[in-house]
$ cat input35.cif   # mmCIF, C-alpha atoms
data_structure
loop_
_atom_site.label_atom_id
_atom_site.label_comp_id
_atom_site.auth_asym_id
_atom_site.auth_seq_id
_atom_site.Cartn_x
_atom_site.Cartn_y
_atom_site.Cartn_z
CA MET S 6 18.23 -15.19 -15.93
CA ARG S 7 19.30 -11.78 -14.65
CA VAL S 8 16.55 -10.08 -12.65
CA LEU S 9 16.29 -6.43 -11.65
CA LEU S 10 14.21 -5.60 -8.58
CA VAL S 11 13.16 -1.96 -8.20
CA GLY S 12 12.63 -0.64 -4.68
CA SER S 13 14.24 -0.37 -1.27
CA GLY S 14 11.75 -1.32 1.47
CA GLY S 15 10.89 -4.33 3.54
CA ARG S 16 8.52 -5.53 0.82
CA GLU S 17 11.36 -5.45 -1.71
CA HIS S 18 13.72 -7.31 0.61
CA ALA S 19 11.08 -10.04 0.97
CA ILE S 20 10.52 -10.18 -2.79
CA GLY S 21 14.27 -10.31 -3.41
CA TRP S 22 14.71 -13.01 -0.77
CA LYS S 23 12.11 -15.12 -2.57
CA LEU S 24 13.44 -14.41 -6.07
CA ALA S 25 16.96 -15.37 -4.99
CA GLN S 26 15.67 -18.85 -4.07
CA SER S 27 14.68 -19.48 -7.68
CA SER S 28 16.83 -21.92 -9.61
CA ARG S 29 16.10 -19.78 -12.66
CA VAL S 30 17.71 -16.62 -11.25
CA ASP S 31 21.44 -16.40 -11.88
CA GLU S 32 21.81 -12.84 -10.63
CA LEU S 33 19.53 -10.53 -8.67
CA MET S 34 20.21 -6.82 -8.99
CA SER S 35 18.38 -4.23 -6.88
CA LEU S 36 17.79 -0.54 -7.49
CA PRO S 37 18.42 1.20 -5.13
CA GLY S 38 18.20 -1.84 -2.83
CA ASN S 39 18.93 -1.91 0.89
CA LEU S 40 21.27 -3.63 3.34
CA GLY S 41 19.33 -6.88 3.16
CA LEU S 42 19.15 -6.92 -0.62
CA ALA S 43 22.89 -6.15 -0.85
CA GLU S 44 23.50 -9.60 0.64
CA LEU S 45 21.56 -11.18 -2.24
CA GLY S 46 23.25 -9.47 -5.18
CA PRO S 47 24.59 -6.17 -6.51
CA VAL S 48 22.72 -2.95 -5.82
CA VAL S 49 22.53 -0.04 -8.25
CA GLU S 50 22.98 3.35 -6.63
CA GLY S 51 22.63 6.84 -8.03
CA ILE S 52 19.38 6.31 -9.98
CA SER S 53 16.03 7.40 -8.59
CA VAL S 54 13.22 4.83 -8.65
CA ASN S 55 11.15 7.49 -10.45
CA ASP S 56 13.70 8.10 -13.23
CA VAL S 57 12.05 5.71 -15.66
CA GLY S 58 14.32 6.55 -18.56
CA ALA S 59 17.50 5.90 -16.59
CA ILE S 60 16.17 2.62 -15.19
CA ALA S 61 15.12 1.41 -18.64
CA ALA S 62 18.50 2.33 -20.09
CA MET S 63 20.30 0.61 -17.22
CA ALA S 64 18.22 -2.54 -17.73
CA ARG S 65 19.10 -2.64 -21.40
CA VAL S 66 22.82 -2.07 -20.81
CA HIS S 67 22.97 -4.85 -18.20
CA GLY S 68 20.98 -7.33 -20.27
CA ILE S 69 18.19 -7.66 -17.72
CA ASP S 70 15.80 -10.54 -18.49
CA LEU S 71 13.03 -9.55 -16.07
CA VAL S 72 12.20 -6.43 -14.08
CA VAL S 73 10.04 -6.74 -10.96
CA VAL S 74 8.75 -3.43 -9.61
CA GLY S 75 8.08 -3.21 -5.89
CA PRO S 76 6.71 0.28 -5.10
CA GLU S 77 3.85 2.17 -6.71
CA ALA S 78 5.56 5.45 -7.60
CA PRO S 79 7.70 4.19 -10.53
CA LEU S 80 4.68 2.33 -11.93
CA ALA S 81 2.63 5.52 -11.74
CA ALA S 82 5.50 7.31 -13.50
CA GLY S 83 5.35 4.87 -16.42
CA LEU S 84 8.36 2.60 -15.78
CA ALA S 85 6.64 -0.50 -17.16
CA ASP S 86 5.74 1.38 -20.35
CA ALA S 87 9.34 2.50 -20.85
CA LEU S 88 10.64 -1.05 -20.36
CA ARG S 89 8.08 -2.59 -22.69
CA ARG S 90 9.04 -0.12 -25.42
CA LEU S 91 12.55 -1.58 -25.18
CA LYS S 92 11.16 -5.16 -25.24
CA ILE S 93 12.41 -5.78 -21.70
CA PRO S 94 10.06 -8.12 -19.78
CA VAL S 95 8.55 -6.42 -16.73
CA PHE S 96 5.99 -7.49 -14.16
CA GLY S 97 3.88 -4.48 -13.36
CA PRO S 98 1.16 -2.35 -14.98
CA GLY S 99 1.66 0.58 -17.30
CA ARG S 100 1.03 4.18 -16.23
CA VAL S 101 -2.68 4.28 -17.10
CA ALA S 102 -3.43 0.92 -15.50
CA ALA S 103 -1.45 2.02 -12.43
CA MET S 104 -4.02 4.77 -11.92
CA LEU S 105 -6.06 2.12 -10.11
CA GLU S 106 -3.80 3.12 -7.22
CA SER S 107 -2.49 6.55 -8.15
CA SER S 108 -6.02 8.02 -8.44
CA LYS S 109 -8.79 7.04 -6.03
CA THR S 110 -11.26 8.74 -8.36
CA PHE S 111 -10.10 6.72 -11.36
CA ALA S 112 -10.39 3.50 -9.37
CA LYS S 113 -13.93 4.33 -8.29
CA GLN S 114 -14.89 5.09 -11.89
CA VAL S 115 -13.50 1.76 -13.08
CA MET S 116 -15.33 -0.08 -10.31
CA ALA S 117 -18.58 1.65 -11.22
CA LYS S 118 -18.26 0.65 -14.87
CA ALA S 119 -17.24 -2.91 -13.93
CA GLY S 120 -20.03 -3.35 -11.40
CA VAL S 121 -17.69 -3.94 -8.46
CA PRO S 122 -19.18 -3.45 -4.97
CA THR S 123 -17.57 -0.54 -3.12
CA GLY S 124 -18.47 2.38 -0.89
CA LYS S 125 -19.99 5.61 -2.17
CA SER S 126 -17.59 8.50 -2.73
CA GLU S 127 -17.21 11.97 -4.18
CA THR S 128 -14.12 13.89 -5.22
CA PHE S 129 -13.56 17.54 -4.31
CA SER S 130 -11.08 20.22 -5.29
CA THR S 131 -12.13 22.86 -2.73
CA GLY S 132 -12.32 22.70 1.03
CA ALA S 133 -15.74 24.33 1.15
CA ALA S 134 -17.27 21.66 -1.10
CA ALA S 135 -15.64 18.85 0.87
CA ARG S 136 -16.94 20.31 4.15
CA ARG S 137 -20.48 20.56 2.80
CA GLN S 138 -20.37 16.88 1.86
CA LEU S 139 -18.96 15.90 5.24
CA GLU S 140 -21.73 17.80 7.01
CA GLU S 141 -24.31 15.62 5.27
CA LEU S 142 -22.72 12.39 6.53
CA ASP S 143 -22.75 10.63 9.85
CA PRO S 144 -19.46 9.82 11.60
CA PRO S 145 -17.01 8.26 11.31
CA TYR S 146 -15.79 10.41 8.44
CA VAL S 147 -13.41 9.08 5.78
CA VAL S 148 -11.24 11.49 3.79
CA LYS S 149 -8.52 10.39 1.38
CA ALA S 150 -5.94 12.05 -0.80
CA ASP S 151 -6.81 11.26 -4.41
CA GLY S 152 -3.19 10.58 -5.36
CA LEU S 153 -0.29 8.60 -3.93
CA ALA S 154 0.53 9.37 -0.32
CA GLY S 155 2.81 6.56 0.87
CA GLY S 156 0.07 4.89 2.88
CA LYS S 157 -0.55 8.03 4.94
CA GLY S 158 -3.18 9.80 2.83
CA VAL S 159 -6.22 8.54 4.75
CA LEU S 160 -8.08 9.94 7.74
CA VAL S 161 -10.87 8.15 9.58
CA THR S 162 -12.26 10.25 12.40
CA GLU S 163 -15.34 10.92 14.53
CA SER S 164 -14.58 14.65 14.40
CA LEU S 165 -16.20 16.72 11.65
CA THR S 166 -13.79 19.57 12.37
CA GLU S 167 -10.74 17.33 12.08
CA ALA S 168 -12.02 15.84 8.80
CA GLY S 169 -12.57 19.30 7.30
CA GLU S 170 -9.17 20.58 8.38
CA TRP S 171 -7.44 17.44 7.08
CA ALA S 172 -9.13 17.87 3.68
CA GLU S 173 -7.95 21.50 3.55
CA ARG S 174 -4.34 20.50 4.23
CA TRP S 175 -4.26 17.80 1.57
CA LEU S 176 -5.91 19.95 -1.10
CA GLY S 177 -2.56 21.61 -1.61
CA ASP S 178 -1.36 18.35 -3.15
CA GLY S 179 -4.46 17.67 -5.27
CA PRO S 180 -8.11 16.62 -4.96
CA VAL S 181 -9.49 14.81 -1.95
CA VAL S 182 -12.08 12.05 -1.82
CA VAL S 183 -14.83 11.85 0.79
CA GLU S 184 -15.99 8.25 1.16
CA GLU S 185 -18.68 6.28 2.87
CA PHE S 186 -17.33 4.51 5.96
CA LEU S 187 -17.34 0.74 5.51
CA GLU S 188 -17.70 -1.16 8.76
CA GLY S 189 -16.30 -4.65 9.23
CA PRO S 190 -13.02 -6.59 9.35
CA GLU S 191 -10.54 -5.95 6.56
CA VAL S 192 -8.50 -8.45 4.57
CA SER S 193 -5.85 -8.13 1.86
CA ILE S 194 -6.14 -10.34 -1.21
CA PHE S 195 -3.43 -10.19 -3.86
CA ALA S 196 -4.08 -11.32 -7.40
CA VAL S 197 -1.29 -12.29 -9.79
CA CYS S 198 -2.53 -11.06 -13.17
CA THR S 199 -0.73 -12.53 -16.19
CA GLU S 200 -1.57 -13.21 -19.81
CA LYS S 201 -2.29 -16.80 -18.74
CA GLY S 202 -4.97 -15.74 -16.26
CA VAL S 203 -5.43 -14.83 -12.60
CA SER S 204 -4.29 -16.60 -9.44
CA THR S 205 -4.36 -15.39 -5.86
CA LEU S 206 -1.80 -15.31 -3.10
CA SER S 207 -2.72 -16.43 0.38
CA PRO S 208 -4.77 -13.68 2.10
CA ALA S 209 -3.21 -11.60 4.84
CA ARG S 210 -4.40 -9.04 7.37
CA ASP S 211 -2.47 -5.88 8.13
CA TYR S 212 -2.58 -3.24 10.86
CA LYS S 213 -2.59 0.37 9.67
CA ARG S 214 -2.70 2.30 12.95
CA LEU S 215 0.47 3.10 14.88
CA ARG S 216 -0.56 1.87 18.32
CA ASP S 217 -2.17 -1.13 19.95
CA GLY S 218 -5.93 -1.40 19.70
CA ASP S 219 -5.94 0.43 16.35
CA GLU S 220 -5.20 3.74 18.02
CA GLY S 221 -3.04 6.58 16.75
CA PRO S 222 -2.35 7.87 13.23
CA ASN S 223 -2.49 5.82 10.05
CA THR S 224 0.85 4.47 8.89
CA GLY S 225 2.19 2.48 5.99
CA GLY S 226 1.48 -0.62 8.08
CA MET S 227 2.72 -1.84 11.47
CA GLY S 228 2.34 -5.59 11.05
CA SER S 229 0.52 -8.43 9.35
CA TYR S 230 -0.19 -12.13 9.51
CA SER S 231 -1.14 -15.02 7.25
CA PRO S 232 -3.22 -17.13 6.88
CA VAL S 233 -6.45 -15.42 7.95
CA ASP S 234 -8.83 -17.97 9.43
CA ASP S 235 -12.01 -15.93 9.94
CA LEU S 236 -12.88 -15.40 6.28
CA PRO S 237 -16.11 -16.47 4.57
CA ASP S 238 -15.81 -19.69 2.58
CA GLY S 239 -14.89 -19.07 -1.03
CA LEU S 240 -13.83 -15.44 -0.52
CA GLU S 241 -10.79 -15.72 -2.82
CA THR S 242 -12.91 -17.19 -5.62
CA TRP S 243 -15.57 -14.53 -5.04
CA THR S 244 -12.92 -11.81 -5.24
CA VAL S 245 -11.52 -13.11 -8.52
CA GLU S 246 -14.96 -13.51 -10.12
CA ASN S 247 -16.60 -10.34 -8.79
CA VAL S 248 -13.71 -7.93 -8.50
CA VAL S 249 -10.49 -8.85 -10.27
CA GLU S 250 -11.79 -10.31 -13.52
CA PRO S 251 -14.44 -7.57 -14.06
CA VAL S 252 -11.79 -4.89 -13.44
CA LEU S 253 -9.29 -6.55 -15.80
CA ALA S 254 -12.00 -6.84 -18.48
CA GLN S 255 -12.85 -3.16 -18.04
CA MET S 256 -9.20 -2.16 -18.30
CA GLU S 257 -8.96 -4.14 -21.54
CA ARG S 258 -12.02 -2.29 -22.89
CA ASP S 259 -10.38 0.98 -21.89
CA GLU S 260 -7.21 -0.06 -23.76
CA ALA S 261 -5.13 -0.12 -20.57
CA PRO S 262 -4.51 -3.85 -19.97
CA PHE S 263 -3.35 -4.76 -16.49
CA HIS S 264 -0.49 -7.19 -15.88
CA GLY S 265 1.08 -7.37 -12.44
CA PHE S 266 0.10 -7.73 -8.80
CA LEU S 267 -3.34 -6.32 -8.01
CA TYR S 268 -4.07 -5.82 -4.34
CA THR S 269 -7.71 -5.74 -3.33
CA GLY S 270 -8.41 -4.34 0.12
CA LEU S 271 -11.76 -5.79 1.18
CA VAL S 272 -14.07 -4.84 4.02
CA LEU S 273 -16.34 -7.67 5.09
CA THR S 274 -19.48 -5.60 5.73
CA SER S 275 -22.90 -6.84 6.88
CA ASP S 276 -24.00 -6.36 3.25
CA GLY S 277 -21.20 -8.54 1.92
CA PRO S 278 -17.60 -7.84 0.84
CA LYS S 279 -16.87 -4.40 -0.57
CA VAL S 280 -13.67 -3.00 -2.06
CA LEU S 281 -11.96 -0.41 0.07
CA GLU S 282 -9.11 0.29 -2.34
CA PHE S 283 -6.76 -1.13 -4.95
CA ASN S 284 -2.98 -1.19 -5.02
CA VAL S 285 -1.08 -2.11 -8.17
CA ARG S 286 1.75 -3.93 -6.37
CA LEU S 287 2.29 -6.17 -3.41
CA GLY S 288 1.54 -4.71 0.01
CA ASP S 289 3.94 -3.76 2.73
CA PRO S 290 3.84 -5.29 5.40
CA GLU S 291 1.71 -8.17 4.02
CA THR S 292 4.37 -9.37 1.55
CA GLN S 293 6.77 -10.15 4.39
CA ALA S 294 4.16 -12.50 5.89
CA VAL S 295 2.86 -14.03 2.66
CA LEU S 296 5.98 -14.90 0.64
CA PRO S 297 7.64 -17.02 3.39
CA ARG S 298 4.59 -19.30 3.20
CA MET S 299 4.92 -19.85 -0.56
CA THR S 300 6.72 -23.02 -1.64
CA SER S 301 6.51 -22.17 -5.35
CA ASP S 302 9.19 -20.49 -7.44
CA LEU S 303 8.22 -16.78 -7.57
CA VAL S 304 9.47 -16.43 -11.15
CA ASP S 305 7.15 -19.26 -12.19
CA VAL S 306 4.24 -17.60 -10.38
CA ILE S 307 4.95 -14.29 -12.11
CA GLU S 308 4.80 -16.18 -15.41
CA GLY S 309 1.39 -17.68 -14.61
CA THR S 310 1.96 -20.82 -12.54
CA LYS S 311 -0.47 -21.31 -9.67
CA PRO S 312 1.26 -20.78 -6.31
CA VAL S 313 1.53 -23.56 -3.72
CA TRP S 314 1.49 -22.91 0.02
CA SER S 315 2.99 -24.50 3.12
CA ASP S 316 0.96 -25.16 6.27
CA LEU S 317 3.06 -22.63 8.20
CA ALA S 318 1.59 -19.53 9.78
CA THR S 319 3.57 -16.28 9.78
CA VAL S 320 3.40 -13.10 11.83
CA ASN S 321 5.22 -9.92 10.77
CA VAL S 322 5.84 -7.18 13.32
CA VAL S 323 7.20 -3.86 12.03
CA LEU S 324 9.77 -2.02 14.13
CA ALA S 325 9.57 1.72 13.55
CA ALA S 326 11.72 4.72 14.39
CA GLU S 327 10.96 7.20 17.11
CA GLY S 328 8.70 9.94 15.72
CA TYR S 329 7.22 7.76 12.98
CA PRO S 330 5.05 8.42 10.98
CA GLU S 331 5.22 12.23 11.25
CA SER S 332 8.96 12.83 11.64
CA PRO S 333 11.06 9.70 12.16
CA GLU S 334 14.39 10.22 13.88
CA LYS S 335 17.39 8.71 12.10
CA GLY S 336 20.86 7.72 13.17
CA ALA S 337 20.25 5.48 16.20
CA ARG S 338 22.43 2.37 16.37
CA ILE S 339 20.50 -0.91 16.08
CA LYS S 340 21.63 -3.69 18.43
CA GLY S 341 20.80 -7.37 18.59
CA LEU S 342 20.49 -8.35 14.93
CA ASP S 343 23.38 -10.80 15.24
CA SER S 344 21.70 -12.87 17.96
CA LEU S 345 18.38 -13.93 16.42
CA PRO S 346 17.17 -17.54 16.09
CA ASP S 347 17.01 -19.33 12.75
CA ASP S 348 13.21 -19.61 12.82
CA VAL S 349 12.85 -15.82 12.49
CA LEU S 350 13.31 -13.71 9.36
CA VAL S 351 14.31 -10.04 9.41
CA PHE S 352 13.64 -7.87 6.38
CA HIS S 353 15.36 -4.50 6.13
CA ALA S 354 13.67 -1.25 5.18
CA GLY S 355 14.89 1.94 6.88
CA THR S 356 18.47 0.95 7.70
CA ARG S 357 21.96 1.88 6.55
CA ALA S 358 25.52 0.91 7.38
CA GLU S 359 27.73 3.26 9.35
CA GLY S 360 31.10 1.63 9.49
CA LYS S 361 30.46 -1.81 10.99
CA GLN S 362 27.26 -0.64 12.66
CA ILE S 363 23.68 -0.73 11.36
CA VAL S 364 21.70 2.43 12.08
CA VAL S 365 18.14 3.70 11.65
CA ASP S 366 17.61 5.48 8.33
CA GLY S 367 13.83 5.63 7.85
CA GLY S 368 10.38 5.40 9.40
CA ARG S 369 9.64 1.70 9.20
CA VAL S 370 13.01 0.18 9.97
CA LEU S 371 12.72 -3.62 10.15
CA SER S 372 10.13 -6.37 9.68
CA VAL S 373 10.52 -9.27 12.10
CA VAL S 374 8.71 -12.38 10.86
CA GLY S 375 8.07 -15.41 13.01
CA SER S 376 6.75 -18.67 11.59
CA GLY S 377 5.26 -21.79 13.12
CA PRO S 378 2.56 -24.45 12.91
CA ASP S 379 -0.06 -21.90 13.99
CA LEU S 380 -0.38 -18.16 14.55
CA ALA S 381 0.18 -18.41 18.30
CA VAL S 382 3.58 -20.04 17.85
CA ALA S 383 4.54 -17.72 15.00
CA ARG S 384 3.55 -14.71 17.08
CA ASP S 385 5.54 -15.89 20.07
CA ARG S 386 8.64 -16.42 17.95
CA ALA S 387 8.38 -12.96 16.38
CA TYR S 388 7.99 -11.16 19.69
CA SER S 389 10.64 -13.26 21.42
CA ALA S 390 13.10 -12.19 18.71
CA ILE S 391 12.07 -8.55 19.07
CA GLU S 392 13.12 -8.67 22.73
CA ARG S 393 16.70 -9.05 21.49
CA ILE S 394 16.57 -6.02 19.18
CA ASN S 395 16.78 -2.47 20.44
CA TRP S 396 17.63 1.13 19.67
CA PRO S 397 16.59 4.36 21.40
CA GLY S 398 12.96 5.19 20.65
CA MET S 399 12.14 1.89 18.87
CA GLN S 400 8.37 1.50 18.67
CA TYR S 401 6.10 -1.34 17.61
CA ARG S 402 2.66 -2.77 18.26
CA THR S 403 2.31 -5.61 20.75
CA ASP S 404 -1.05 -6.87 19.48
CA ILE S 405 -0.26 -8.15 15.98
CA ALA S 406 -2.18 -11.40 15.33
CA LEU S 407 -3.82 -11.46 18.75
CA PRO S 408 -7.12 -13.39 18.56
#
$ encode --input "input35.cif" --output "structure tokens"
Amino acid sequence: MRVLLVGSGGREHAIGWKLAQSSRVDELMSLPGNLGLAELGPVVEGISVNDVGAIAAMARVHGIDLVVVGPEAPLAAGLADALRRLKIPVFGPGRVAAMLESSKTFAKQVMAKAGVPTGKSETFSTGAAARRQLEELDPPYVVKADGLAGGKGVLVTESLTEAGEWAERWLGDGPVVVEEFLEGPEVSIFAVCTEKGVSTLSPARDYKRLRDGDEGPNTGGMGSYSPVDDLPDGLETWTVENVVEPVLAQMERDEAPFHGFLYTGLVLTSDGPKVLEFNVRLGDPETQAVLPRMTSDLVDVIEGTKPVWSDLATVNVVLAAEGYPESPEKGARIKGLDSLPDDVLVFHAGTRAEGKQIVVDGGRVLSVVGSGPDLAVARDRAYSAIERINWPGMQYRTDIALP
């Protein structure tokens, strides 16, 4: 089959790397792709990932047999709907179902109707109303942009003043949500939702803050690891039965059926697991840690086959540009990529070619994934490889997967 992968980040490179291993895939095309994906098949340039009409037309012209959508924005724009109207198979939810991610308020409403445990929240369209709500809460304060924000639309702070000012700034882009702070370790559980039923991918844990010790601003994610060995017994089954299946049933009742990857971000509170948020696609950087552990054919899994896992552990460390996440600096030459060991994977995100050189072209630049019989070995391999990579201003966390 001919497969089209939409997206250009490290997550998409990992998805493409796994799809290309399938005996069922004759050709993998990527739109717009990246340097890593270009080594796996042709890339389509000149079409925005949000131009759903152009992507659908391109898929029809090229006889695409399956479209896999990596990022959230084209799903929120209705890409899956446009493809399904043309009878082109696609793995990803339609526009309304994608509101589970594109609107925090919508997601909370669905969870309330489905009886899913989550934190209390209220949505506000004025700064004064948001401040009044914040004043009634105890710190830490949680404020979120209601819509898509590229993983950066969340503030958790002890400062009431900072929370109020942050809400004011984001109100220019739409409503903001003030949420109850949920205390406890977090874990990412991904459900594969098909017409044949629900299966889960191996859980992962990611690191949102820029600096060691969970300090600094929120980012799209600075690293991840899998498996996660401190989870309650039966958590995946609990998540399917108490979160995923009730939400899917509610979406069916609301005439917005959900097919695709559903990410559930859980907080393991003292009162039991609660949902922090949903995403309607695979996570970045968790995908880079999870898919190398899967021994199954990803096309089969997308079609409803239960995934099978190796005993390997994986640790993904994200290398970011100087100035990330506020204003990443581009153009620095990346050295050392040609001297890495075979037991390490590198997934491209913010890179581009400049002649024969590879240079920085985004905020999160590379994902370096080490694997081994346990997390300690995998972690050591990832960080040993990172010592060979450098560019001016390269930044990364040194505490990914530390016990």
$ resolve_selection --input "input35.cif" --expression "the PyMOL selection byres ((chain S and resi 30-45) around 6)" --output "list of chain:residue names"
S:Met6, S:Arg7, S:Val8, S:Leu9, S:Leu10, S:Val11, S:Gly12, S:Ser13, S:His18, S:Ser27, S:Ser28, S:Arg29, S:Gly46, S:Pro47, S:Val48, S:Val49, S:Glu50, S:His353
$ write_last_selection --input "input35.cif" --atoms "C-alpha atoms" --output "CSV table (one decimal), in the frame of the given file"
chain,number,residue,atom,x,y,z
S,6,MET,CA,18.2,-15.2,-15.9
S,7,ARG,CA,19.3,-11.8,-14.6
S,8,VAL,CA,16.6,-10.1,-12.6
S,9,LEU,CA,16.3,-6.4,-11.6
S,10,LEU,CA,14.2,-5.6,-8.6
S,11,VAL,CA,13.2,-2.0,-8.2
S,12,GLY,CA,12.6,-0.6,-4.7
S,13,SER,CA,14.2,-0.4,-1.3
S,18,HIS,CA,13.7,-7.3,0.6
S,27,SER,CA,14.7,-19.5,-7.7
S,28,SER,CA,16.8,-21.9,-9.6
S,29,ARG,CA,16.1,-19.8,-12.7
S,46,GLY,CA,23.2,-9.5,-5.2
S,47,PRO,CA,24.6,-6.2,-6.5
S,48,VAL,CA,22.7,-3.0,-5.8
S,49,VAL,CA,22.5,0.0,-8.2
S,50,GLU,CA,23.0,3.4,-6.6
S,353,HIS,CA,15.4,-4.5,6.1
$ resolve_selection --input "input35.cif" --expression "the PyMOL selection byres ((chain S and resi 183) around 6)" --output "compact mmCIF listing (two decimals) with C-alpha atoms, in the coordinates of the input"
# COMPACT_ATOMS: atom_id res chain seq x y z
CA SER S 126 -17.59 8.50 -2.73
CA GLU S 127 -17.21 11.97 -4.18
CA VAL S 147 -13.41 9.08 5.78
CA VAL S 148 -11.24 11.49 3.79
CA VAL S 182 -12.08 12.05 -1.82
CA GLU S 184 -15.99 8.25 1.16
$ residues_around --input "input35.cif" --residues "Gly368 of chain S" --least-positions-apart "2" --cutoff "8 Å" --atoms "only C-alpha atoms" --output "ChimeraX atom specification"
/S:325-330,332-334,355,366,370
$ resolve_selection --input "input35.cif" --expression "the PyMOL selection byres ((chain S and resi 286) around 8)" --output "PyMOL selection string"
chain S and resi 74-77+97+265-268+284-285+287-288
$ closest_residue --input "input35.cif" --among "S:Pro237, S:Gly179, S:Gly226, S:Pro408" --to "Asp379 of chain S" --atoms "all atoms listed in the file"
S:Pro408
$ closest_residue --input "input35.cif" --among "S:Gly202, S:Pro79, S:Val66, S:Val320" --to "Val245 of chain S" --atoms "all atoms listed in the file"
S:Gly202
$ atom_distance --input "input35.cif" --atom1 "atom CA of Asn247 of chain S" --atom2 "atom CA of Glu260 of chain S"
20.4 Å
$ residues_near_point --input "input35.cif" --point "(-16.3, -2.3, -11.0)" --cutoff "10 Å" --atoms "only C-alpha atoms" --output "ChimeraX atom specification"
/S:112-123,247-255,280
$ residues_around --input "input35.cif" --residues "Phe129 of chain S" --least-positions-apart "5" --cutoff "9 Å" --atoms "all atoms listed in the file" --output "PyMOL selection string"
chain S and resi 134-135+176+180-183
$ write_last_selection --input "input35.cif" --atoms "C-alpha atoms" --output "short mmCIF file (atom, residue, chain, number, x, y, z; two decimals), in the coordinates of the input"
data_model
loop_
_atom_site.label_atom_id
_atom_site.label_comp_id
_atom_site.auth_asym_id
_atom_site.auth_seq_id
_atom_site.Cartn_x
_atom_site.Cartn_y
_atom_site.Cartn_z
CA ALA S 134 -17.27 21.66 -1.10
CA ALA S 135 -15.64 18.85 0.87
CA LEU S 176 -5.91 19.95 -1.10
CA PRO S 180 -8.11 16.62 -4.96
CA VAL S 181 -9.49 14.81 -1.95
CA VAL S 182 -12.08 12.05 -1.82
CA VAL S 183 -14.83 11.85 0.79
#
$ closest_residue --input "input35.cif" --among "S:Glu106, S:Asp316, S:Glu241, S:Glu188" --to "Ser275 of chain S" --atoms "all atoms listed in the file"
S:Glu188
$ closest_residue --input "input35.cif" --among "S:Pro297, S:Gly341, S:Pro262, S:Pro397" --to "Leu24 of chain S" --atoms "all atoms listed in the file"
S:Pro297
